[in-house]
Amino acid sequence: MINLDYTEHPVKEVRIVNDDLFELIVERNNLEFIPGDCAAIYTDTDKSRPYSISSGFNENELRFVIRMMEGGEVSPWLMSREAGDSIRITPPFGWFRPGQDIGDSPFVFLATGTGIAPFLSYMNSFKVPPVQCLYGVRKEADAIGYAELQSYCPTQLAISREETEHHKGRLTDLLNMLQLDSTTHYYCCGLESMVNEVSEWLQENGVGLMQIHREVFFHG
Ligand SMILES: Cc1cc2nc3c(=O)[nH]c(=O)nc-3n(C[C@H](O)[C@H](O)[C@H](O)COP(=O)(O)OP(=O)(O)OC[C@H]3O[C@@H](n4cnc5c(N)ncnc54)[C@H](O)[C@@H]3O)c2cc1C
């Protein structure tokens, strides 16, 4: 059955980052959300997928960081939108709350690819930064928000598919750089394999399950 609970949002810009990565920027139209929330976005044929909001809760626009999946039902359609087109978005929802509801405890962000979106939303909303952020991308140009993140908290990039001044390889190569103690909370978002590997490593190193927070965008 089609979920008719949505609002219309004019597209302000589709900011192309590279062949398969873009930011979708739409009018917010007073849509309420909490950093960490996602919202389902519909195509004109009523297909929908969830996307995490990357903008801050005091901004007038909604932003999304989206990887275009070749042959996909929704992401290629979104990438081909133009300024002035209208798209339908459901009320935001979610349970992933980076840096929130943990009192004064320190916290760390770990993201691969578009999994950076909820952390950008946090950074764009709150003044209290994480103690560090590990961010894994394929190419340096894919590291959306890196300069802002770097000025906000110590941020290490892992770049898997090109040589740069940053670490060449996967985010999980950098786990030994993590601050480990009994009070720190760890927020992981992105590919399931990364989220699982990080969770296992943290548990092997004595971190309790209640301190590990997970959001999986892509399985497999
Ligand atoms: C809670 C949540 C939040 C999400 N937030 C974001 C976000 O902020 N940004 C974002 O880009 N995506 C996000 N996603 C993923 C998004 O919802 C879609 O799954 C994605 O855009 C693909 O949808 P599609 O319709 O284009 O492709 P589909 O039609 O669903 O799939 C097309 C083909 O691509 C394959 N495929 C899908 N994903 C992958 C992958 N990672 N690697 C290899 N093959 C794959 C499918 O198996 C299929 O064969 C989120 C998912 C969840 C569950």
# chains A, B, ... in the order shown; residues from 1 in each chain; ligands from 1
>>> residues_near_ligand(ligand="ligand 1", cutoff="8 Å", atoms="only C-alpha atoms and all ligand atoms", output="PyMOL selection string")
chain A and resi 21+38-40+47-54+64-77+94+114-118+191+215-220
>>> write_last_selection(atoms="C-alpha atoms", output="PDB file, in the first residue's frame")
ATOM      1  CA  LEU A  21      27.802  10.825  -5.413  1.00  0.00           C
ATOM      2  CA  CYS A  38      16.227   9.780   8.107  1.00  0.00           C
ATOM      3  CA  ALA A  39      13.213  10.321   5.897  1.00  0.00           C
ATOM      4  CA  ALA A  40      11.835   8.277   3.037  1.00  0.00           C
ATOM      5  CA  LYS A  47       9.090   3.965  -5.018  1.00  0.00           C
ATOM      6  CA  SER A  48      10.753   5.161  -1.850  1.00  0.00           C
ATOM      7  CA  ARG A  49      13.989   4.692   0.094  1.00  0.00           C
ATOM      8  CA  PRO A  50      15.194   6.102   3.418  1.00  0.00           C
ATOM      9  CA  TYR A  51      17.918   8.767   3.400  1.00  0.00           C
ATOM     10  CA  SER A  52      19.616  10.285   6.413  1.00  0.00           C
ATOM     11  CA  ILE A  53      19.378  14.071   6.804  1.00  0.00           C
ATOM     12  CA  SER A  54      22.781  15.794   6.806  1.00  0.00           C
ATOM     13  CA  PHE A  64      21.009  14.600   1.921  1.00  0.00           C
ATOM     14  CA  VAL A  65      24.258  12.896   0.867  1.00  0.00           C
ATOM     15  CA  ILE A  66      23.393  10.189  -1.655  1.00  0.00           C
ATOM     16  CA  ARG A  67      25.325   7.531  -3.565  1.00  0.00           C
ATOM     17  CA  MET A  68      23.771   6.830  -6.943  1.00  0.00           C
ATOM     18  CA  MET A  69      23.369   3.059  -7.369  1.00  0.00           C
ATOM     19  CA  GLU A  70      23.539   2.195 -11.078  1.00  0.00           C
ATOM     20  CA  GLY A  71      20.221   0.561 -12.039  1.00  0.00           C
ATOM     21  CA  GLY A  72      18.634   1.537  -8.736  1.00  0.00           C
ATOM     22  CA  GLU A  73      14.975   2.491  -8.535  1.00  0.00           C
ATOM     23  CA  VAL A  74      15.368   5.670  -6.493  1.00  0.00           C
ATOM     24  CA  SER A  75      18.883   7.132  -6.288  1.00  0.00           C
ATOM     25  CA  PRO A  76      19.380   7.665 -10.100  1.00  0.00           C
ATOM     26  CA  TRP A  77      15.999   9.383 -10.246  1.00  0.00           C
ATOM     27  CA  GLY A  94      14.898   7.147  13.482  1.00  0.00           C
ATOM     28  CA  THR A 114      27.309   8.452   2.831  1.00  0.00           C
ATOM     29  CA  GLY A 115      27.224   7.185   6.424  1.00  0.00           C
ATOM     30  CA  ILE A 116      28.729  10.563   7.292  1.00  0.00           C
ATOM     31  CA  ALA A 117      25.266  12.175   6.858  1.00  0.00           C
ATOM     32  CA  PRO A 118      23.924  11.835  10.443  1.00  0.00           C
ATOM     33  CA  LEU A 191      28.327  -0.254   5.292  1.00  0.00           C
ATOM     34  CA  GLU A 215      23.215   2.508  11.818  1.00  0.00           C
ATOM     35  CA  VAL A 216      23.491   0.343   8.681  1.00  0.00           C
ATOM     36  CA  PHE A 217      22.692   1.942   5.307  1.00  0.00           C
ATOM     37  CA  PHE A 218      23.856  -0.849   3.007  1.00  0.00           C
ATOM     38  CA  HIS A 219      23.915  -4.584   3.701  1.00  0.00           C
ATOM     39  CA  GLY A 220      26.480  -7.037   2.430  1.00  0.00           C
TER      40      GLY A 220
END
>>> residues_around(residues="region 175-187 of chain A", least_positions_apart="4", cutoff="12 Å", atoms="only C-alpha atoms", output="PDB file with N, CA and C atoms, in the first residue's frame")
ATOM      1  N   GLY A  36      20.285  12.720  13.143  1.00  0.00           N
ATOM      2  CA  GLY A  36      20.319  11.250  13.161  1.00  0.00           C
ATOM      3  C   GLY A  36      19.111  10.664  12.453  1.00  0.00           C
ATOM      4  N   PHE A  96      18.799   6.404  15.682  1.00  0.00           N
ATOM      5  CA  PHE A  96      20.241   6.636  15.770  1.00  0.00           C
ATOM      6  C   PHE A  96      20.419   8.090  16.200  1.00  0.00           C
ATOM      7  N   ARG A  97      21.036   8.312  17.355  1.00  0.00           N
ATOM      8  CA  ARG A  97      21.116   9.657  17.929  1.00  0.00           C
ATOM      9  C   ARG A  97      22.561   9.991  18.285  1.00  0.00           C
ATOM     10  N   PRO A  98      23.420  10.261  17.284  1.00  0.00           N
ATOM     11  CA  PRO A  98      24.828  10.490  17.574  1.00  0.00           C
ATOM     12  C   PRO A  98      25.032  11.574  18.629  1.00  0.00           C
ATOM     13  N   GLY A  99      25.815  11.243  19.642  1.00  0.00           N
ATOM     14  CA  GLY A  99      26.205  12.230  20.651  1.00  0.00           C
ATOM     15  C   GLY A  99      25.105  12.698  21.568  1.00  0.00           C
ATOM     16  N   GLN A 100      23.939  12.099  21.459  1.00  0.00           N
ATOM     17  CA  GLN A 100      22.804  12.583  22.251  1.00  0.00           C
ATOM     18  C   GLN A 100      22.415  11.537  23.303  1.00  0.00           C
ATOM     19  N   ASP A 101      21.747  11.988  24.352  1.00  0.00           N
ATOM     20  CA  ASP A 101      21.210  11.109  25.411  1.00  0.00           C
ATOM     21  C   ASP A 101      22.301  10.333  26.145  1.00  0.00           C
ATOM     22  N   ILE A 102      23.523  10.875  26.210  1.00  0.00           N
ATOM     23  CA  ILE A 102      24.592  10.160  26.918  1.00  0.00           C
ATOM     24  C   ILE A 102      25.243  11.058  27.968  1.00  0.00           C
ATOM     25  N   GLY A 103      24.546  12.121  28.380  1.00  0.00           N
ATOM     26  CA  GLY A 103      25.083  13.030  29.395  1.00  0.00           C
ATOM     27  C   GLY A 103      26.380  13.658  28.926  1.00  0.00           C
ATOM     28  N   ASP A 104      27.386  13.668  29.831  1.00  0.00           N
ATOM     29  CA  ASP A 104      28.665  14.305  29.498  1.00  0.00           C
ATOM     30  C   ASP A 104      29.689  13.318  28.955  1.00  0.00           C
ATOM     31  N   SER A 105      29.277  12.116  28.646  1.00  0.00           N
ATOM     32  CA  SER A 105      30.249  11.107  28.200  1.00  0.00           C
ATOM     33  C   SER A 105      30.897  11.538  26.882  1.00  0.00           C
ATOM     34  N   PRO A 106      32.208  11.249  26.736  1.00  0.00           N
ATOM     35  CA  PRO A 106      32.838  11.506  25.432  1.00  0.00           C
ATOM     36  C   PRO A 106      32.292  10.551  24.382  1.00  0.00           C
ATOM     37  N   PHE A 107      32.435  10.941  23.117  1.00  0.00           N
ATOM     38  CA  PHE A 107      31.925  10.083  22.045  1.00  0.00           C
ATOM     39  C   PHE A 107      32.759  10.243  20.783  1.00  0.00           C
ATOM     40  N   VAL A 108      32.645   9.237  19.921  1.00  0.00           N
ATOM     41  CA  VAL A 108      33.451   9.144  18.700  1.00  0.00           C
ATOM     42  C   VAL A 108      32.513   8.823  17.543  1.00  0.00           C
ATOM     43  N   PHE A 109      32.807   9.385  16.360  1.00  0.00           N
ATOM     44  CA  PHE A 109      32.036   9.055  15.161  1.00  0.00           C
ATOM     45  C   PHE A 109      32.896   8.217  14.206  1.00  0.00           C
ATOM     46  N   LEU A 110      32.281   7.182  13.645  1.00  0.00           N
ATOM     47  CA  LEU A 110      32.953   6.374  12.615  1.00  0.00           C
ATOM     48  C   LEU A 110      31.987   6.210  11.445  1.00  0.00           C
ATOM     49  N   ALA A 111      32.421   6.648  10.257  1.00  0.00           N
ATOM     50  CA  ALA A 111      31.515   6.619   9.099  1.00  0.00           C
ATOM     51  C   ALA A 111      32.239   6.142   7.858  1.00  0.00           C
ATOM     52  N   THR A 112      31.514   5.379   7.024  1.00  0.00           N
ATOM     53  CA  THR A 112      32.002   5.122   5.666  1.00  0.00           C
ATOM     54  C   THR A 112      31.021   5.745   4.677  1.00  0.00           C
ATOM     55  N   GLY A 115      27.475   7.340   4.989  1.00  0.00           N
ATOM     56  CA  GLY A 115      27.224   7.185   6.424  1.00  0.00           C
ATOM     57  C   GLY A 115      27.677   8.387   7.240  1.00  0.00           C
ATOM     58  N   ILE A 116      28.342   9.342   6.587  1.00  0.00           N
ATOM     59  CA  ILE A 116      28.729  10.563   7.292  1.00  0.00           C
ATOM     60  C   ILE A 116      27.513  11.466   7.546  1.00  0.00           C
ATOM     61  N   PRO A 118      24.451  11.480   9.113  1.00  0.00           N
ATOM     62  CA  PRO A 118      23.924  11.835  10.443  1.00  0.00           C
ATOM     63  C   PRO A 118      24.937  12.596  11.295  1.00  0.00           C
ATOM     64  N   PHE A 119      26.236  12.369  11.023  1.00  0.00           N
ATOM     65  CA  PHE A 119      27.268  13.067  11.795  1.00  0.00           C
ATOM     66  C   PHE A 119      27.383  14.525  11.334  1.00  0.00           C
ATOM     67  N   TYR A 122      24.578  16.244  13.016  1.00  0.00           N
ATOM     68  CA  TYR A 122      24.941  16.530  14.411  1.00  0.00           C
ATOM     69  C   TYR A 122      25.844  17.767  14.458  1.00  0.00           C
ATOM     70  N   PRO A 130      32.499  15.576  18.986  1.00  0.00           N
ATOM     71  CA  PRO A 130      33.046  14.283  19.413  1.00  0.00           C
ATOM     72  C   PRO A 130      34.540  14.431  19.687  1.00  0.00           C
ATOM     73  N   VAL A 131      35.117  13.457  20.403  1.00  0.00           N
ATOM     74  CA  VAL A 131      36.558  13.543  20.667  1.00  0.00           C
ATOM     75  C   VAL A 131      37.353  13.191  19.411  1.00  0.00           C
ATOM     76  N   GLN A 132      36.782  12.406  18.519  1.00  0.00           N
ATOM     77  CA  GLN A 132      37.438  12.159  17.244  1.00  0.00           C
ATOM     78  C   GLN A 132      36.440  11.564  16.248  1.00  0.00           C
ATOM     79  N   CYS A 133      36.840  11.623  14.982  1.00  0.00           N
ATOM     80  CA  CYS A 133      35.995  11.082  13.913  1.00  0.00           C
ATOM     81  C   CYS A 133      36.897  10.320  12.939  1.00  0.00           C
ATOM     82  N   LEU A 134      36.517   9.099  12.608  1.00  0.00           N
ATOM     83  CA  LEU A 134      37.194   8.330  11.558  1.00  0.00           C
ATOM     84  C   LEU A 134      36.231   8.244  10.378  1.00  0.00           C
ATOM     85  N   TYR A 135      36.740   8.544   9.167  1.00  0.00           N
ATOM     86  CA  TYR A 135      35.866   8.714   8.008  1.00  0.00           C
ATOM     87  C   TYR A 135      36.510   7.977   6.836  1.00  0.00           C
ATOM     88  N   GLY A 136      35.818   6.959   6.326  1.00  0.00           N
ATOM     89  CA  GLY A 136      36.353   6.175   5.219  1.00  0.00           C
ATOM     90  C   GLY A 136      35.615   6.466   3.924  1.00  0.00           C
ATOM     91  N   PRO A 154      39.082  16.357  15.794  1.00  0.00           N
ATOM     92  CA  PRO A 154      40.151  15.656  15.076  1.00  0.00           C
ATOM     93  C   PRO A 154      39.544  14.571  14.177  1.00  0.00           C
ATOM     94  N   THR A 155      39.808  14.651  12.874  1.00  0.00           N
ATOM     95  CA  THR A 155      39.180  13.741  11.918  1.00  0.00           C
ATOM     96  C   THR A 155      40.252  13.068  11.064  1.00  0.00           C
ATOM     97  N   GLN A 156      40.249  11.738  11.037  1.00  0.00           N
ATOM     98  CA  GLN A 156      41.194  10.992  10.205  1.00  0.00           C
ATOM     99  C   GLN A 156      40.451  10.378   9.028  1.00  0.00           C
ATOM    100  N   LEU A 157      41.005  10.604   7.836  1.00  0.00           N
ATOM    101  CA  LEU A 157      40.414  10.014   6.636  1.00  0.00           C
ATOM    102  C   LEU A 157      41.138   8.723   6.281  1.00  0.00           C
ATOM    103  N   ALA A 158      40.355   7.732   5.822  1.00  0.00           N
ATOM    104  CA  ALA A 158      40.934   6.547   5.184  1.00  0.00           C
ATOM    105  C   ALA A 158      40.383   6.534   3.766  1.00  0.00           C
ATOM    106  N   ARG A 170      41.364   1.118   4.434  1.00  0.00           N
ATOM    107  CA  ARG A 170      40.007   1.137   4.975  1.00  0.00           C
ATOM    108  C   ARG A 170      39.969   1.793   6.353  1.00  0.00           C
ATOM    109  N   LEU A 171      38.809   2.256   6.694  1.00  0.00           N
ATOM    110  CA  LEU A 171      38.616   2.886   8.013  1.00  0.00           C
ATOM    111  C   LEU A 171      39.053   1.938   9.134  1.00  0.00           C
ATOM    112  N   MET A 194      31.572  -2.735   7.666  1.00  0.00           N
ATOM    113  CA  MET A 194      32.368  -1.854   8.520  1.00  0.00           C
ATOM    114  C   MET A 194      31.760  -1.798   9.923  1.00  0.00           C
ATOM    115  N   VAL A 195      30.445  -1.626   9.982  1.00  0.00           N
ATOM    116  CA  VAL A 195      29.775  -1.492  11.281  1.00  0.00           C
ATOM    117  C   VAL A 195      30.001  -2.760  12.119  1.00  0.00           C
ATOM    118  N   ASN A 196      29.901  -3.922  11.478  1.00  0.00           N
ATOM    119  CA  ASN A 196      30.123  -5.177  12.206  1.00  0.00           C
ATOM    120  C   ASN A 196      31.564  -5.310  12.668  1.00  0.00           C
ATOM    121  N   GLU A 197      32.489  -4.979  11.764  1.00  0.00           N
ATOM    122  CA  GLU A 197      33.908  -5.125  12.105  1.00  0.00           C
ATOM    123  C   GLU A 197      34.286  -4.194  13.264  1.00  0.00           C
ATOM    124  N   VAL A 198      33.793  -2.964  13.198  1.00  0.00           N
ATOM    125  CA  VAL A 198      34.094  -2.009  14.273  1.00  0.00           C
ATOM    126  C   VAL A 198      33.484  -2.505  15.590  1.00  0.00           C
ATOM    127  N   SER A 199      32.240  -2.960  15.546  1.00  0.00           N
ATOM    128  CA  SER A 199      31.570  -3.417  16.776  1.00  0.00           C
ATOM    129  C   SER A 199      32.346  -4.576  17.402  1.00  0.00           C
ATOM    130  N   GLU A 200      32.759  -5.528  16.551  1.00  0.00           N
ATOM    131  CA  GLU A 200      33.493  -6.688  17.082  1.00  0.00           C
ATOM    132  C   GLU A 200      34.813  -6.246  17.701  1.00  0.00           C
ATOM    133  N   TRP A 201      35.513  -5.366  17.003  1.00  0.00           N
ATOM    134  CA  TRP A 201      36.814  -4.897  17.502  1.00  0.00           C
ATOM    135  C   TRP A 201      36.646  -4.177  18.844  1.00  0.00           C
ATOM    136  N   LEU A 202      35.628  -3.332  18.926  1.00  0.00           N
ATOM    137  CA  LEU A 202      35.409  -2.591  20.180  1.00  0.00           C
ATOM    138  C   LEU A 202      35.108  -3.560  21.321  1.00  0.00           C
ATOM    139  N   GLN A 203      34.256  -4.545  21.049  1.00  0.00           N
ATOM    140  CA  GLN A 203      33.917  -5.503  22.116  1.00  0.00           C
ATOM    141  C   GLN A 203      35.142  -6.312  22.530  1.00  0.00           C
ATOM    142  N   GLU A 204      35.942  -6.700  21.546  1.00  0.00           N
ATOM    143  CA  GLU A 204      37.178  -7.444  21.886  1.00  0.00           C
ATOM    144  C   GLU A 204      38.106  -6.590  22.742  1.00  0.00           C
ATOM    145  N   ASN A 205      37.969  -5.275  22.606  1.00  0.00           N
ATOM    146  CA  ASN A 205      38.831  -4.381  23.376  1.00  0.00           C
ATOM    147  C   ASN A 205      38.121  -3.820  24.607  1.00  0.00           C
ATOM    148  N   GLY A 206      37.094  -4.506  25.049  1.00  0.00           N
ATOM    149  CA  GLY A 206      36.489  -4.214  26.349  1.00  0.00           C
ATOM    150  C   GLY A 206      35.372  -3.192  26.367  1.00  0.00           C
ATOM    151  N   VAL A 207      34.936  -2.722  25.190  1.00  0.00           N
ATOM    152  CA  VAL A 207      33.857  -1.723  25.172  1.00  0.00           C
ATOM    153  C   VAL A 207      32.511  -2.452  25.291  1.00  0.00           C
ATOM    154  N   GLY A 208      31.654  -1.950  26.164  1.00  0.00           N
ATOM    155  CA  GLY A 208      30.352  -2.582  26.384  1.00  0.00           C
ATOM    156  C   GLY A 208      29.392  -2.314  25.235  1.00  0.00           C
ATOM    157  N   LEU A 209      28.474  -3.243  25.021  1.00  0.00           N
ATOM    158  CA  LEU A 209      27.502  -3.109  23.925  1.00  0.00           C
ATOM    159  C   LEU A 209      26.676  -1.831  24.020  1.00  0.00           C
ATOM    160  N   MET A 210      26.387  -1.400  25.267  1.00  0.00           N
ATOM    161  CA  MET A 210      25.560  -0.196  25.436  1.00  0.00           C
ATOM    162  C   MET A 210      26.270   1.061  24.946  1.00  0.00           C
ATOM    163  N   GLN A 211      27.592   0.975  24.757  1.00  0.00           N
ATOM    164  CA  GLN A 211      28.360   2.133  24.285  1.00  0.00           C
ATOM    165  C   GLN A 211      28.589   2.109  22.770  1.00  0.00           C
ATOM    166  N   ILE A 212      28.059   1.077  22.119  1.00  0.00           N
ATOM    167  CA  ILE A 212      28.252   0.956  20.662  1.00  0.00           C
ATOM    168  C   ILE A 212      26.904   1.179  19.979  1.00  0.00           C
ATOM    169  N   HIS A 213      26.843   2.203  19.139  1.00  0.00           N
ATOM    170  CA  HIS A 213      25.584   2.597  18.487  1.00  0.00           C
ATOM    171  C   HIS A 213      25.765   2.420  16.985  1.00  0.00           C
ATOM    172  N   ARG A 214      24.813   1.757  16.351  1.00  0.00           N
ATOM    173  CA  ARG A 214      24.990   1.330  14.965  1.00  0.00           C
ATOM    174  C   ARG A 214      23.857   1.807  14.058  1.00  0.00           C
ATOM    175  N   GLU A 215      24.219   2.218  12.852  1.00  0.00           N
ATOM    176  CA  GLU A 215      23.215   2.508  11.818  1.00  0.00           C
ATOM    177  C   GLU A 215      23.756   1.951  10.499  1.00  0.00           C
ATOM    178  N   VAL A 216      23.037   0.971   9.928  1.00  0.00           N
ATOM    179  CA  VAL A 216      23.491   0.343   8.681  1.00  0.00           C
ATOM    180  C   VAL A 216      22.672   0.881   7.511  1.00  0.00           C
TER     181      VAL A 216
END
>>> closest_residue(among="A:Asp5, A:Thr90, A:Phe126, A:Leu120", to="Asn58 (chain A)", atoms="only C-alpha atoms")
A:Phe126
>>> atom_distance(atom1="CA of Asp37 (chain A)", atom2="CA of Phe93 (chain A)")
5.2 Å
>>> select_by_dssp(residues="region 10-144 of chain A", states="strand (DSSP E or B)", output="PDB file with C-alpha atoms, in the first residue's frame")
ATOM      1  CA  PRO A  10      10.986  22.009  -3.976  1.00  0.00           C
ATOM      2  CA  VAL A  11      14.531  21.035  -5.000  1.00  0.00           C
ATOM      3  CA  LYS A  12      17.017  23.872  -4.497  1.00  0.00           C
ATOM      4  CA  GLU A  13      20.045  22.102  -5.948  1.00  0.00           C
ATOM      5  CA  VAL A  14      21.488  18.734  -6.868  1.00  0.00           C
ATOM      6  CA  ARG A  15      25.186  19.231  -6.097  1.00  0.00           C
ATOM      7  CA  ILE A  16      27.121  16.643  -8.067  1.00  0.00           C
ATOM      8  CA  VAL A  17      30.289  15.505  -6.265  1.00  0.00           C
ATOM      9  CA  ASN A  18      31.316  12.882  -8.826  1.00  0.00           C
ATOM     10  CA  LEU A  21      27.802  10.825  -5.413  1.00  0.00           C
ATOM     11  CA  PHE A  22      25.692  13.923  -4.915  1.00  0.00           C
ATOM     12  CA  GLU A  23      24.066  16.168  -2.350  1.00  0.00           C
ATOM     13  CA  LEU A  24      20.325  16.716  -2.680  1.00  0.00           C
ATOM     14  CA  ILE A  25      19.244  20.061  -1.254  1.00  0.00           C
ATOM     15  CA  VAL A  26      15.545  20.863  -0.856  1.00  0.00           C
ATOM     16  CA  GLU A  27      13.407  23.468   0.853  1.00  0.00           C
ATOM     17  CA  CYS A  38      16.227   9.780   8.107  1.00  0.00           C
ATOM     18  CA  ALA A  39      13.213  10.321   5.897  1.00  0.00           C
ATOM     19  CA  ALA A  40      11.835   8.277   3.037  1.00  0.00           C
ATOM     20  CA  ILE A  41      11.938  10.042  -0.323  1.00  0.00           C
ATOM     21  CA  TYR A  42       9.515   9.062  -3.117  1.00  0.00           C
ATOM     22  CA  SER A  48      10.753   5.161  -1.850  1.00  0.00           C
ATOM     23  CA  ARG A  49      13.989   4.692   0.094  1.00  0.00           C
ATOM     24  CA  PRO A  50      15.194   6.102   3.418  1.00  0.00           C
ATOM     25  CA  TYR A  51      17.918   8.767   3.400  1.00  0.00           C
ATOM     26  CA  SER A  52      19.616  10.285   6.413  1.00  0.00           C
ATOM     27  CA  ILE A  53      19.378  14.071   6.804  1.00  0.00           C
ATOM     28  CA  GLU A  61      17.037  23.695   3.900  1.00  0.00           C
ATOM     29  CA  LEU A  62      17.211  19.910   4.101  1.00  0.00           C
ATOM     30  CA  ARG A  63      20.318  18.230   2.731  1.00  0.00           C
ATOM     31  CA  PHE A  64      21.009  14.600   1.921  1.00  0.00           C
ATOM     32  CA  VAL A  65      24.258  12.896   0.867  1.00  0.00           C
ATOM     33  CA  ILE A  66      23.393  10.189  -1.655  1.00  0.00           C
ATOM     34  CA  ARG A  67      25.325   7.531  -3.565  1.00  0.00           C
ATOM     35  CA  SER A  86       9.219  18.964  -6.289  1.00  0.00           C
ATOM     36  CA  ILE A  87       9.883  15.777  -4.346  1.00  0.00           C
ATOM     37  CA  ARG A  88       7.830  14.018  -1.665  1.00  0.00           C
ATOM     38  CA  ILE A  89       9.370  13.333   1.724  1.00  0.00           C
ATOM     39  CA  PHE A  93      12.066   9.019  11.807  1.00  0.00           C
ATOM     40  CA  PHE A 107      31.925  10.083  22.045  1.00  0.00           C
ATOM     41  CA  VAL A 108      33.451   9.144  18.700  1.00  0.00           C
ATOM     42  CA  PHE A 109      32.036   9.055  15.161  1.00  0.00           C
ATOM     43  CA  LEU A 110      32.953   6.374  12.615  1.00  0.00           C
ATOM     44  CA  ALA A 111      31.515   6.619   9.099  1.00  0.00           C
ATOM     45  CA  THR A 112      32.002   5.122   5.666  1.00  0.00           C
ATOM     46  CA  GLN A 132      37.438  12.159  17.244  1.00  0.00           C
ATOM     47  CA  CYS A 133      35.995  11.082  13.913  1.00  0.00           C
ATOM     48  CA  LEU A 134      37.194   8.330  11.558  1.00  0.00           C
ATOM     49  CA  TYR A 135      35.866   8.714   8.008  1.00  0.00           C
ATOM     50  CA  GLY A 136      36.353   6.175   5.219  1.00  0.00           C
ATOM     51  CA  VAL A 137      35.771   7.054   1.554  1.00  0.00           C
TER      52      VAL A 137
END
>>> residues_around(residues="Pro129 (chain A)", least_positions_apart="4", cutoff="8 Å", atoms="only C-alpha atoms", output="list of chain:residue names")
A:Met123, A:Tyr152, A:Cys153
>>> atom_distance(atom1="CA of Gly113 (chain A)", atom2="CA of Trp95 (chain A)")
20.0 Å
>>> atom_distance(atom1="CA of Arg28 (chain A)", atom2="CA of Asp44 (chain A)")
19.3 Å
>>> select_by_dssp(residues="region 18-220 of chain A", states="helix (DSSP H, G or I)", output="number ranges by chain")
A: 75-79, 113-123, 140-142, 146-152, 171-177, 192-204, 209-211
>>> closest_residue(among="A:Asp19, A:Glu82, A:Glu165, A:Glu59", to="Ser125 (chain A)", atoms="only C-alpha atoms")
A:Glu59
>>> closest_residue(among="A:Ser80, A:Lys127, A:Lys139, A:Thr43", to="Thr164 (chain A)", atoms="only C-alpha atoms")
A:Lys139
